[in-house]
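S.K.: Got data_0.pdb for you, PDB, C-alpha atoms:
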MODEL        1
ATOM      1  CA  MET A  22       0.000   0.000   0.000
ATOM      2  CA  SER A  23       1.443   3.376  -0.989
ATOM      3  CA  GLY A  24       2.230   6.132   1.531
ATOM      4  CA  ALA A  25       0.956   9.702   1.696
ATOM      5  CA  GLY A  26       4.031  10.989  -0.089
ATOM      6  CA  ASP A  27       3.821   8.504  -2.924
ATOM      7  CA  PRO A  28       4.181  10.311  -6.313
ATOM      8  CA  ILE A  29       1.410   8.231  -7.845
ATOM      9  CA  ASP A  30      -1.105   9.479  -5.284
ATOM     10  CA  ARG A  31      -0.063  13.062  -5.879
ATOM     11  CA  GLU A  32      -0.597  12.684  -9.614
ATOM     12  CA  LEU A  33      -4.064  11.229  -9.071
ATOM     13  CA  VAL A  34      -5.031  14.053  -6.710
ATOM     14  CA  GLN A  35      -3.787  16.680  -9.184
ATOM     15  CA  ALA A  36      -5.691  15.049 -12.062
ATOM     16  CA  HIS A  37      -8.847  14.968  -9.969
ATOM     17  CA  GLU A  38      -8.521  18.651  -9.092
ATOM     18  CA  ASP A  39      -7.924  19.594 -12.735
ATOM     19  CA  SER A  40     -11.003  17.645 -13.754
ATOM     20  CA  GLU A  41     -13.181  19.425 -11.178
ATOM     21  CA  HIS A  42     -11.819  22.875 -12.239
ATOM     22  CA  GLY A  43     -12.505  22.156 -15.924
ATOM     23  CA  SER A  44     -16.000  20.989 -15.088
ATOM     24  CA  LYS A  45     -16.742  24.210 -13.158
ATOM     25  CA  SER A  46     -15.399  26.394 -16.021
ATOM     26  CA  LYS A  47     -17.491  24.515 -18.522
ATOM     27  CA  THR A  48     -20.565  24.943 -16.329
ATOM     28  CA  LYS A  49     -19.991  28.688 -16.104
ATOM     29  CA  GLN A  50     -19.547  28.910 -19.876
ATOM     30  CA  ASN A  51     -22.755  26.970 -20.470
ATOM     31  CA  LYS A  52     -24.673  29.271 -18.132
ATOM     32  CA  ALA A  53     -23.306  32.384 -19.894
ATOM     33  CA  GLU A  54     -24.255  30.990 -23.305
ATOM     34  CA  LYS A  55     -27.742  30.147 -22.041
ATOM     35  CA  ARG A  56     -28.255  33.700 -20.709
ATOM     36  CA  GLN A  57     -27.158  35.116 -24.075
ATOM     37  CA  GLU A  58     -29.602  32.846 -25.932
ATOM     38  CA  ASP A  59     -32.459  33.863 -23.598
ATOM     39  CA  SER A  60     -31.654  37.548 -24.116
ATOM     40  CA  SER A  61     -31.565  37.143 -27.892
ATOM     41  CA  SER A  62     -34.892  35.334 -27.935
ATOM     42  CA  GLN A  63     -36.506  38.146 -25.894
ATOM     43  CA  ASP A  64     -35.243  40.823 -28.331
ATOM     44  CA  ILE A  65     -36.850  39.098 -31.309
ATOM     45  CA  GLY A  66     -39.680  41.287 -32.666
ATOM     46  CA  LYS A  67     -38.629  44.399 -30.769
ATOM     47  CA  PRO A  68     -37.799  47.536 -32.886
ATOM     48  CA  ARG A  69     -34.176  48.509 -32.837
ATOM     49  CA  LYS A  70     -33.198  52.029 -31.852
ATOM     50  CA  ALA A  71     -32.190  54.208 -34.793
ATOM     51  CA  ARG A  72     -28.514  54.957 -34.992
ATOM     52  CA  ASN A  73     -27.523  58.569 -35.286
ATOM     53  CA  ASP A  74     -25.428  57.886 -38.357
ATOM     54  CA  GLY A  75     -27.270  60.047 -40.878
ATOM     55  CA  GLY A  76     -30.225  57.841 -41.685
ATOM     56  CA  GLY A  77     -33.791  57.724 -40.389
ATOM     57  CA  LYS A  78     -35.303  59.841 -37.663
ATOM     58  CA  GLY A  79     -32.789  61.338 -35.319
ATOM     59  CA  GLY A  80     -30.096  61.084 -37.987
ATOM     60  CA  LYS A  81     -28.271  63.840 -39.780
ATOM     61  CA  LYS A  82     -31.240  64.744 -41.977
ATOM     62  CA  GLY A  83     -33.487  65.145 -38.956
ATOM     63  CA  SER A  84     -30.821  67.150 -37.191
ATOM     64  CA  ASP A  85     -30.392  69.494 -40.175
ATOM     65  CA  LYS A  86     -34.148  69.978 -40.413
ATOM     66  CA  ASP A  87     -34.328  70.880 -36.707
ATOM     67  CA  LYS A  88     -31.487  73.366 -37.143
ATOM     68  CA  LEU A  89     -33.277  74.945 -40.105
ATOM     69  CA  LYS A  90     -36.513  75.290 -38.134
ATOM     70  CA  LYS A  91     -34.660  76.887 -35.240
ATOM     71  CA  ALA A  92     -32.921  79.300 -37.596
ATOM     72  CA  GLU A  93     -36.251  80.253 -39.212
ATOM     73  CA  LYS A  94     -37.878  80.815 -35.814
ATOM     74  CA  LYS A  95     -34.930  82.966 -34.728
ATOM     75  CA  GLN A  96     -35.130  85.069 -37.905
ATOM     76  CA  TYR A  97     -38.913  85.450 -37.540
ATOM     77  CA  ALA A  98     -38.476  86.566 -33.937
ATOM     78  CA  SER A  99     -35.841  89.068 -35.047
ATOM     79  CA  ASP A 100     -38.052  90.474 -37.824
ATOM     80  CA  SER A 101     -41.069  90.644 -35.508
ATOM     81  CA  GLU A 102     -39.024  92.454 -32.880
ATOM     82  CA  HIS A 103     -37.868  94.975 -35.483
ATOM     83  CA  MET A 104     -41.464  95.694 -36.482
ATOM     84  CA  LYS A 105     -42.693  96.195 -32.931
ATOM     85  CA  PRO A 106     -43.188  99.739 -31.673
ATOM     86  CA  ARG A 107     -40.647 100.904 -29.175
ATOM     87  CA  PRO A 108     -41.573 100.298 -25.501
ATOM     88  CA  ASP A 109     -42.913 103.241 -23.577
ATOM     89  CA  ALA A 110     -39.622 103.513 -21.728
ATOM     90  CA  LEU A 111     -37.791 104.117 -24.999
ATOM     91  CA  ILE A 112     -40.257 106.606 -26.454
ATOM     92  CA  ARG A 113     -38.881 110.061 -25.828
ATOM     93  CA  LYS A 114     -41.492 112.257 -24.188
ATOM     94  CA  PRO A 115     -41.755 115.459 -26.224
ATOM     95  CA  THR A 116     -42.185 118.995 -25.015
ATOM     96  CA  ALA A 117     -45.816 120.049 -24.692
ATOM     97  CA  GLY A 118     -47.134 121.745 -27.798
ATOM     98  CA  THR A 119     -44.578 120.247 -30.189
ATOM     99  CA  ASP A 120     -45.454 118.390 -33.379
ATOM    100  CA  ASP A 121     -44.829 114.925 -31.976
ATOM    101  CA  GLU A 122     -46.775 115.356 -28.716
ATOM    102  CA  ILE A 123     -49.918 113.707 -30.072
ATOM    103  CA  LEU A 124     -47.884 110.874 -31.578
ATOM    104  CA  TYR A 125     -46.338 110.217 -28.183
ATOM    105  CA  LYS A 126     -49.760 110.076 -26.530
ATOM    106  CA  ILE A 127     -51.114 107.685 -29.130
ATOM    107  CA  ALA A 128     -48.052 105.431 -28.988
ATOM    108  CA  LYS A 129     -48.233 105.325 -25.201
ATOM    109  CA  LYS A 130     -51.972 104.609 -25.141
ATOM    110  CA  SER A 131     -51.860 102.001 -27.894
ATOM    111  CA  SER A 132     -48.419 100.384 -27.718
ATOM    112  CA  SER A 133     -49.395  97.701 -30.240
ATOM    113  CA  TYR A 134     -49.521 100.328 -33.010
ATOM    114  CA  ARG A 135     -46.307 101.102 -34.889
ATOM    115  CA  PRO A 136     -45.511 104.860 -35.029
ATOM    116  CA  CYS A 137     -45.437 106.035 -38.659
ATOM    117  CA  ALA A 138     -45.591 109.308 -40.575
ATOM    118  CA  GLY A 139     -46.470 110.407 -44.091
ATOM    119  CA  CYS A 140     -47.667 113.229 -46.322
ATOM    120  CA  VAL A 141     -50.548 114.031 -48.627
ATOM    121  CA  PRO A 142     -48.778 115.512 -51.684
ATOM    122  CA  VAL A 143     -50.919 118.176 -53.412
ATOM    123  CA  ARG A 144     -50.577 120.721 -56.211
ATOM    124  CA  LYS A 145     -52.827 123.042 -58.200
ATOM    125  CA  ARG A 146     -53.880 122.215 -61.729
ATOM    126  CA  SER A 147     -53.903 124.774 -64.488
ATOM    127  CA  ASP A 148     -57.655 125.237 -63.921
ATOM    128  CA  GLY A 149     -57.039 126.244 -60.312
ATOM    129  CA  ASN A 150     -58.308 122.993 -58.760
ATOM    130  CA  TRP A 151     -56.245 120.907 -56.374
ATOM    131  CA  GLU A 152     -55.060 117.351 -57.066
ATOM    132  CA  VAL A 153     -53.434 114.724 -54.863
ATOM    133  CA  LEU A 154     -50.637 112.250 -55.566
ATOM    134  CA  LEU A 155     -51.268 108.626 -54.567
ATOM    135  CA  VAL A 156     -48.988 105.578 -54.655
ATOM    136  CA  GLN A 157     -50.049 102.014 -55.334
ATOM    137  CA  SER A 158     -49.620  99.431 -52.608
ATOM    138  CA  ARG A 159     -46.713  97.086 -53.347
ATOM    139  CA  TRP A 160     -48.585  94.119 -51.862
ATOM    140  CA  THR A 161     -52.202  94.840 -52.852
ATOM    141  CA  PRO A 162     -52.514  96.460 -56.315
ATOM    142  CA  GLU A 163     -56.170  97.390 -55.763
ATOM    143  CA  VAL A 164     -55.184  99.686 -52.892
ATOM    144  CA  TRP A 165     -53.881 103.239 -53.410
ATOM    145  CA  LEU A 166     -52.338 105.123 -50.515
ATOM    146  CA  TYR A 167     -50.591 108.255 -49.373
ATOM    147  CA  PRO A 168     -46.826 107.826 -49.089
ATOM    148  CA  LYS A 169     -45.890 106.960 -45.522
ATOM    149  CA  GLY A 170     -43.615 104.736 -43.438
ATOM    150  CA  GLY A 171     -42.111 103.961 -40.048
ATOM    151  CA  ILE A 172     -40.541 106.643 -37.879
ATOM    152  CA  GLU A 173     -36.897 105.876 -37.191
ATOM    153  CA  GLU A 174     -35.536 106.127 -33.664
ATOM    154  CA  SER A 175     -35.138 109.738 -32.478
ATOM    155  CA  GLU A 176     -36.525 110.999 -35.822
ATOM    156  CA  ASP A 177     -38.967 113.896 -35.887
ATOM    157  CA  PRO A 178     -42.354 112.800 -37.330
ATOM    158  CA  LYS A 179     -42.409 115.665 -39.841
ATOM    159  CA  LEU A 180     -38.951 114.809 -41.171
ATOM    160  CA  SER A 181     -39.940 111.160 -41.304
ATOM    161  CA  GLY A 182     -43.041 112.012 -43.357
ATOM    162  CA  LEU A 183     -41.009 114.108 -45.813
ATOM    163  CA  ARG A 184     -38.389 111.371 -46.176
ATOM    164  CA  GLU A 185     -40.941 108.634 -46.790
ATOM    165  CA  THR A 186     -42.761 110.806 -49.341
ATOM    166  CA  ARG A 187     -39.550 111.462 -51.244
ATOM    167  CA  GLU A 188     -38.596 107.765 -51.232
ATOM    168  CA  GLU A 189     -42.023 106.322 -52.092
ATOM    169  CA  ALA A 190     -43.573 109.010 -54.318
ATOM    170  CA  GLY A 191     -40.537 110.850 -55.645
ATOM    171  CA  VAL A 192     -41.682 114.394 -54.804
ATOM    172  CA  ILE A 193     -40.415 117.245 -52.618
ATOM    173  CA  GLY A 194     -41.815 120.628 -51.627
ATOM    174  CA  LYS A 195     -43.048 122.732 -48.718
ATOM    175  CA  CYS A 196     -44.433 120.862 -45.719
ATOM    176  CA  GLY A 197     -47.797 122.264 -44.707
ATOM    177  CA  PRO A 198     -49.802 121.816 -41.510
ATOM    178  CA  LYS A 199     -50.222 118.581 -39.636
ATOM    179  CA  LEU A 200     -53.545 116.941 -40.409
ATOM    180  CA  GLY A 201     -53.634 114.765 -37.312
ATOM    181  CA  VAL A 202     -52.727 111.320 -36.006
ATOM    182  CA  TYR A 203     -54.711 108.357 -37.316
ATOM    183  CA  ASN A 204     -54.754 104.745 -36.177
ATOM    184  CA  PHE A 205     -54.794 102.357 -39.135
ATOM    185  CA  SER A 206     -56.297  99.318 -37.402
ATOM    186  CA  SER A 207     -55.924  97.036 -40.433
ATOM    187  CA  VAL A 208     -52.134  97.365 -40.414
ATOM    188  CA  LYS A 209     -51.621  98.326 -36.742
ATOM    189  CA  GLN A 210     -49.995 101.659 -37.515
ATOM    190  CA  SER A 211     -50.347 105.014 -35.754
ATOM    191  CA  MET A 212     -49.936 107.552 -38.552
ATOM    192  CA  THR A 213     -48.984 111.235 -38.201
ATOM    193  CA  MET A 214     -49.976 112.926 -41.472
ATOM    194  CA  TYR A 215     -48.972 116.269 -43.038
ATOM    195  CA  ILE A 216     -49.787 118.107 -46.234
ATOM    196  CA  LEU A 217     -46.973 118.537 -48.729
ATOM    197  CA  PHE A 218     -47.244 121.322 -51.310
ATOM    198  CA  VAL A 219     -45.242 119.792 -54.155
ATOM    199  CA  ASP A 220     -42.580 121.900 -55.868
ATOM    200  CA  GLU A 221     -40.716 119.182 -57.750
ATOM    201  CA  GLU A 222     -41.610 115.754 -59.107
ATOM    202  CA  PHE A 223     -38.638 113.481 -59.821
ATOM    203  CA  ALA A 224     -38.285 111.800 -63.190
ATOM    204  CA  ASP A 225     -38.745 108.038 -63.428
ATOM    205  CA  THR A 226     -34.969 107.652 -63.746
ATOM    206  CA  ASP A 227     -34.030 109.958 -60.855
ATOM    207  CA  ALA A 228     -32.134 108.002 -58.181
ATOM    208  CA  ARG A 229     -33.575 110.267 -55.467
ATOM    209  CA  TRP A 230     -36.841 108.389 -55.956
ATOM    210  CA  LYS A 231     -35.678 105.197 -54.251
ATOM    211  CA  GLU A 232     -38.779 103.113 -54.943
ATOM    212  CA  ARG A 233     -39.158 104.159 -58.572
ATOM    213  CA  LYS A 234     -38.782 100.560 -59.777
ATOM    214  CA  VAL A 235     -41.383  99.082 -57.418
ATOM    215  CA  ARG A 236     -43.918 101.906 -57.015
ATOM    216  CA  ILE A 237     -46.586 103.295 -59.301
ATOM    217  CA  ARG A 238     -47.727 106.876 -58.631
ATOM    218  CA  ALA A 239     -50.556 108.900 -60.140
ATOM    219  CA  TRP A 240     -52.223 112.302 -59.721
ATOM    220  CA  TYR A 241     -55.981 112.427 -59.064
ATOM    221  CA  SER A 242     -58.528 115.117 -58.289
ATOM    222  CA  LEU A 243     -59.808 115.059 -54.724
ATOM    223  CA  GLU A 244     -63.114 113.539 -55.866
ATOM    224  CA  GLU A 245     -61.359 110.880 -57.931
ATOM    225  CA  ALA A 246     -59.204 109.956 -54.946
ATOM    226  CA  LYS A 247     -62.290 109.577 -52.778
ATOM    227  CA  LYS A 248     -63.871 107.202 -55.313
ATOM    228  CA  ILE A 249     -60.667 105.136 -55.452
ATOM    229  CA  PHE A 250     -60.549 104.783 -51.663
ATOM    230  CA  LYS A 251     -64.186 103.704 -51.506
ATOM    231  CA  GLY A 252     -64.131 101.520 -54.605
ATOM    232  CA  VAL A 253     -62.176  98.627 -53.083
ATOM    233  CA  PRO A 254     -63.693  95.433 -51.603
ATOM    234  CA  ASP A 255     -64.952  95.777 -48.043
ATOM    235  CA  LYS A 256     -62.027  93.821 -46.577
ATOM    236  CA  LEU A 257     -59.568  96.293 -48.155
ATOM    237  CA  TYR A 258     -61.446  99.472 -47.308
ATOM    238  CA  ARG A 259     -59.559 101.888 -45.054
ATOM    239  CA  PRO A 260     -61.809 104.633 -43.698
ATOM    240  CA  GLU A 261     -58.763 106.516 -42.383
ATOM    241  CA  LEU A 262     -57.782 107.404 -45.947
ATOM    242  CA  VAL A 263     -61.138 109.092 -46.503
ATOM    243  CA  LYS A 264     -60.848 110.954 -43.182
ATOM    244  CA  ILE A 265     -57.424 112.270 -44.149
ATOM    245  CA  LEU A 266     -58.722 113.349 -47.555
ATOM    246  CA  LYS A 267     -61.612 115.231 -45.935
ATOM    247  CA  LYS A 268     -59.204 117.074 -43.619
ATOM    248  CA  THR A 269     -56.993 117.860 -46.617
ATOM    249  CA  LYS A 270     -59.927 119.445 -48.453
ATOM    250  CA  ASN A 271     -60.650 121.645 -45.425
ATOM    251  CA  VAL A 272     -57.020 122.775 -45.256
ATOM    252  CA  LEU A 273     -56.893 123.615 -48.960
ATOM    253  CA  LYS A 274     -60.158 125.520 -48.739
ATOM    254  CA  THR A 275     -58.767 127.608 -45.886
ATOM    255  CA  VAL A 276     -55.537 128.238 -47.780
ATOM    256  CA  ASP A 277     -57.495 129.455 -50.830
ATOM    257  CA  GLU A 278     -59.781 131.682 -48.762
ATOM    258  CA  THR A 279     -57.270 133.250 -46.355
ATOM    259  CA  GLY A 280     -53.947 133.110 -48.123
ATOM    260  CA  HIS A 281     -52.245 132.223 -44.809
ATOM    261  CA  GLU A 282     -48.766 130.777 -44.808
ATOM    262  CA  PHE A 283     -48.910 127.000 -44.663
ATOM    263  CA  ASP A 284     -47.236 126.634 -41.272
ATOM    264  CA  GLU A 285     -49.605 129.161 -39.643
ATOM    265  CA  ILE A 286     -52.547 126.752 -39.863
ATOM    266  CA  ASP A 287     -53.017 123.879 -37.443
ATOM    267  CA  PHE A 288     -55.753 121.358 -38.244
ATOM    268  CA  SER A 289     -54.603 118.563 -35.949
ATOM    269  CA  GLY A 290     -56.859 119.296 -32.974
ATOM    270  CA  ASP A 291     -59.931 117.189 -33.884
ATOM    271  CA  SER A 292     -59.949 114.302 -31.426
ATOM    272  CA  ASP A 293     -62.240 112.237 -33.660
ATOM    273  CA  ASP A 294     -59.326 111.645 -36.002
ATOM    274  CA  LEU A 295     -56.930 110.442 -33.345
ATOM    275  CA  MET A 296     -58.396 106.990 -32.861
ATOM    276  CA  ASP A 297     -60.701 104.589 -34.725
TER     277      ASP A 297
ENDMDL
END
Turn the structure described in the file into structure tokens.
M.R.:
Amino acid sequence: MSGAGDPIDRELVQAHEDSEHGSKSKTKQNKAEKRQEDSSSQDIGKPRKARNDGGGKGGKKGSDKDKLKKAEKKQYASDSEHMKPRPDALIRKPTAGTDDEILYKIAKKSSSYRPCAGCVPVRKRSDGNWEVLLVQSRWTPEVWLYPKGGIEESEDPKLSGLRETREEAGVIGKCGPKLGVYNFSSVKQSMTMYILFVDEEFADTDARWKERKVRIRAWYSLEEAKKIFKGVPDKLYRPELVKILKKTKNVLKTVDETGHEFDEIDFSGDSDDLMD
């Protein structure tokens, strides 16, 4: 019988231990393989998440589209902000009795209206009757208007009206009395209007008329202008244009009867013309 230190016994013990270790490793491997098979079988039929590699939703195309939408929203917000009237805190309060006092009051009372200014260009015909210059709307051809536009920051309303009239209608002259301030509800504009006694009409090629390539202008008698304003469809009708024309007729009548200098007459005090 062999002893405890016999080499044969040690070899048998070592072989037995190696066999048990290999069996345990194989068991662990089998269990791992089984778990992998179970996991694979559970994933069958489930939708796979899209890879962000440029294809499908969430890919590069989707990302580019989102960036484009964000850029468009940012530009729209910027344009909208530019069109908004200045907050009350930024509207300079004018000295009492000055030309822009009424404009300040209107802008403060109705902050959703954009402050604008314009002129009613007039001249006498050879027969002694007055006529008015109108410009065609760039967006709605059926509509004819007086030249007007937004008041730039720190700009005097009268100077703004003269500038807009030169740019849109291509005429210059003597600025007459202020007709009043009118709220154009259809376009959300608070309009300070003046009469302009035209001295010069620019040629169609004159660069001083900035909108000569996009604007159509035409002279009409006061009665013809009234018919044009009222002859549009109801949804395009702007009663403010007729009000301004009526005030213009009153001014011209007074000028003919009294011979006063233009800046000595003030017709802006009628409160009915300040708001709709």
S.K.: Closest to Ser207 (chain A) among A:Ile193, A:Leu183, A:Ala224, A:Leu262, using only C-alpha atoms?
M.R.: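 Among the listed residues, the smallest separation from Ser207 (chain A) belongs to A:Leu262.
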S.K.: Find the distance between CA of Cys196 (chain A) and CA of Trp230 (chain A) and write it in Å to one decimal.
M.R.: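 Computed distance, CA of Cys196 (chain A) to CA of Trp230 (chain A), equals 17.8 Å.
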S.K.: Go ahead and compute the interatomic distance for CA of Asp227 (chain A) and CA of Glu174 (chain A), in Å to one decimal.
M.R.: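 Distance between the two atoms: 27.5 Å.
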S.K.: Quick one: pull the distance between CA of Gly149 (chain A) and CA of Leu217 (chain A), Å, one decimal.
M.R.: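 That distance, rounded to one decimal, is 17.2 Å.
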S.K.: Within 10 Å of Arg259 (chain A), counting only C-alpha atoms, which residues show up once you throw out same-chain ones fewer than 4 positions away? Write them as a list in words, please.
M.R.: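 The residues satisfying every condition are Val164, Leu166, Phe205, Ser206, Ser207, Val208, Phe250, Lys251, Val253, Asp255, Val263 and Lys264 of chain A.
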S.K.: Between A:Met212, A:Ala239, A:Leu257, A:Ala138, which one has atoms that come closest to Glu176 (chain A), using only C-alpha atoms?
M.R.: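 With only C-alpha atoms as the atom set, the closest residue is A:Ala138.
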S.K.: Nearest residue to Pro162 (chain A) out of A:Lys91, A:Arg238, A:Arg144, A:Lys195, using all atoms listed in the file?
M.R.: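 Using all atoms listed in the file, the shortest distance to Pro162 (chain A) belongs to A:Arg238.
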S.K.: Please supply region 169-199 of chain A, rebuilt with N, CA and C atoms, as a JSON list (two decimals), in the coordinates of the input.
M.R.:
[["chain", "number", "residue", "atom", "x", "y", "z"],
["A", 169, "LYS", "N", -46.11, 106.93, -46.97],
["A", 169, "LYS", "CA", -45.89, 106.96, -45.52],
["A", 169, "LYS", "C", -44.98, 105.79, -45.15],
["A", 170, "GLY", "N", -44.49, 105.81, -43.90],
["A", 170, "GLY", "CA", -43.62, 104.74, -43.44],
["A", 170, "GLY", "C", -43.26, 104.90, -41.97],
["A", 171, "GLY", "N", -42.46, 103.96, -41.46],
["A", 171, "GLY", "CA", -42.11, 103.96, -40.05],
["A", 171, "GLY", "C", -41.20, 105.10, -39.65],
["A", 172, "ILE", "N", -41.39, 105.59, -38.44],
["A", 172, "ILE", "CA", -40.54, 106.64, -37.88],
["A", 172, "ILE", "C", -39.30, 105.99, -37.28],
["A", 173, "GLU", "N", -38.14, 106.42, -37.73],
["A", 173, "GLU", "CA", -36.90, 105.88, -37.19],
["A", 173, "GLU", "C", -36.64, 106.44, -35.80],
["A", 174, "GLU", "N", -35.81, 105.73, -35.04],
["A", 174, "GLU", "CA", -35.54, 106.13, -33.66],
["A", 174, "GLU", "C", -34.97, 107.54, -33.60],
["A", 175, "SER", "N", -35.55, 108.34, -32.71],
["A", 175, "SER", "CA", -35.14, 109.74, -32.48],
["A", 175, "SER", "C", -35.41, 110.64, -33.68],
["A", 176, "GLU", "N", -36.22, 110.19, -34.64],
["A", 176, "GLU", "CA", -36.52, 111.00, -35.82],
["A", 176, "GLU", "C", -37.80, 111.80, -35.59],
["A", 177, "ASP", "N", -37.78, 113.06, -35.99],
["A", 177, "ASP", "CA", -38.97, 113.90, -35.89],
["A", 177, "ASP", "C", -40.03, 113.40, -36.87],
["A", 178, "PRO", "N", -41.30, 113.31, -36.45],
["A", 178, "PRO", "CA", -42.35, 112.80, -37.33],
["A", 178, "PRO", "C", -42.47, 113.56, -38.65],
["A", 179, "LYS", "N", -42.30, 114.88, -38.61],
["A", 179, "LYS", "CA", -42.41, 115.66, -39.84],
["A", 179, "LYS", "C", -41.29, 115.29, -40.82],
["A", 180, "LEU", "N", -40.07, 115.19, -40.31],
["A", 180, "LEU", "CA", -38.95, 114.81, -41.17],
["A", 180, "LEU", "C", -39.13, 113.39, -41.71],
["A", 181, "SER", "N", -39.68, 112.53, -40.86],
["A", 181, "SER", "CA", -39.94, 111.16, -41.30],
["A", 181, "SER", "C", -40.95, 111.13, -42.44],
["A", 182, "GLY", "N", -42.02, 111.94, -42.31],
["A", 182, "GLY", "CA", -43.04, 112.01, -43.36],
["A", 182, "GLY", "C", -42.48, 112.53, -44.67],
["A", 183, "LEU", "N", -41.63, 113.55, -44.60],
["A", 183, "LEU", "CA", -41.01, 114.11, -45.81],
["A", 183, "LEU", "C", -40.07, 113.09, -46.47],
["A", 184, "ARG", "N", -39.31, 112.38, -45.64],
["A", 184, "ARG", "CA", -38.39, 111.37, -46.18],
["A", 184, "ARG", "C", -39.14, 110.24, -46.87],
["A", 185, "GLU", "N", -40.17, 109.74, -46.21],
["A", 185, "GLU", "CA", -40.94, 108.63, -46.79],
["A", 185, "GLU", "C", -41.63, 109.06, -48.09],
["A", 186, "THR", "N", -42.10, 110.30, -48.13],
["A", 186, "THR", "CA", -42.76, 110.81, -49.34],
["A", 186, "THR", "C", -41.78, 110.92, -50.50],
["A", 187, "ARG", "N", -40.57, 111.37, -50.20],
["A", 187, "ARG", "CA", -39.55, 111.46, -51.24],
["A", 187, "ARG", "C", -39.18, 110.07, -51.75],
["A", 188, "GLU", "N", -39.02, 109.11, -50.84],
["A", 188, "GLU", "CA", -38.60, 107.76, -51.23],
["A", 188, "GLU", "C", -39.69, 106.99, -51.97],
["A", 189, "GLU", "N", -40.94, 107.12, -51.51],
["A", 189, "GLU", "CA", -42.02, 106.32, -52.09],
["A", 189, "GLU", "C", -42.67, 106.98, -53.30],
["A", 190, "ALA", "N", -42.85, 108.32, -53.25],
["A", 190, "ALA", "CA", -43.57, 109.01, -54.32],
["A", 190, "ALA", "C", -42.68, 109.84, -55.22],
["A", 191, "GLY", "N", -41.45, 110.11, -54.80],
["A", 191, "GLY", "CA", -40.54, 110.85, -55.64],
["A", 191, "GLY", "C", -40.91, 112.31, -55.82],
["A", 192, "VAL", "N", -41.34, 112.97, -54.74],
["A", 192, "VAL", "CA", -41.68, 114.39, -54.80],
["A", 192, "VAL", "C", -41.13, 115.10, -53.57],
["A", 193, "ILE", "N", -40.85, 116.41, -53.73],
["A", 193, "ILE", "CA", -40.42, 117.24, -52.62],
["A", 193, "ILE", "C", -41.15, 118.58, -52.72],
["A", 194, "GLY", "N", -41.13, 119.34, -51.62],
["A", 194, "GLY", "CA", -41.82, 120.63, -51.63],
["A", 194, "GLY", "C", -41.86, 121.23, -50.24],
["A", 195, "LYS", "N", -42.87, 122.07, -50.01],
["A", 195, "LYS", "CA", -43.05, 122.73, -48.72],
["A", 195, "LYS", "C", -44.00, 121.90, -47.86],
["A", 196, "CYS", "N", -43.57, 121.63, -46.63],
["A", 196, "CYS", "CA", -44.43, 120.86, -45.72],
["A", 196, "CYS", "C", -45.46, 121.79, -45.08],
["A", 197, "GLY", "N", -46.72, 121.46, -45.26],
["A", 197, "GLY", "CA", -47.80, 122.26, -44.71],
["A", 197, "GLY", "C", -48.18, 121.80, -43.32],
["A", 198, "PRO", "N", -49.37, 122.13, -42.88],
["A", 198, "PRO", "CA", -49.80, 121.82, -41.51],
["A", 198, "PRO", "C", -50.01, 120.32, -41.28],
["A", 199, "LYS", "N", -49.94, 119.96, -40.02],
["A", 199, "LYS", "CA", -50.22, 118.58, -39.64],
["A", 199, "LYS", "C", -51.72, 118.34, -39.67]]
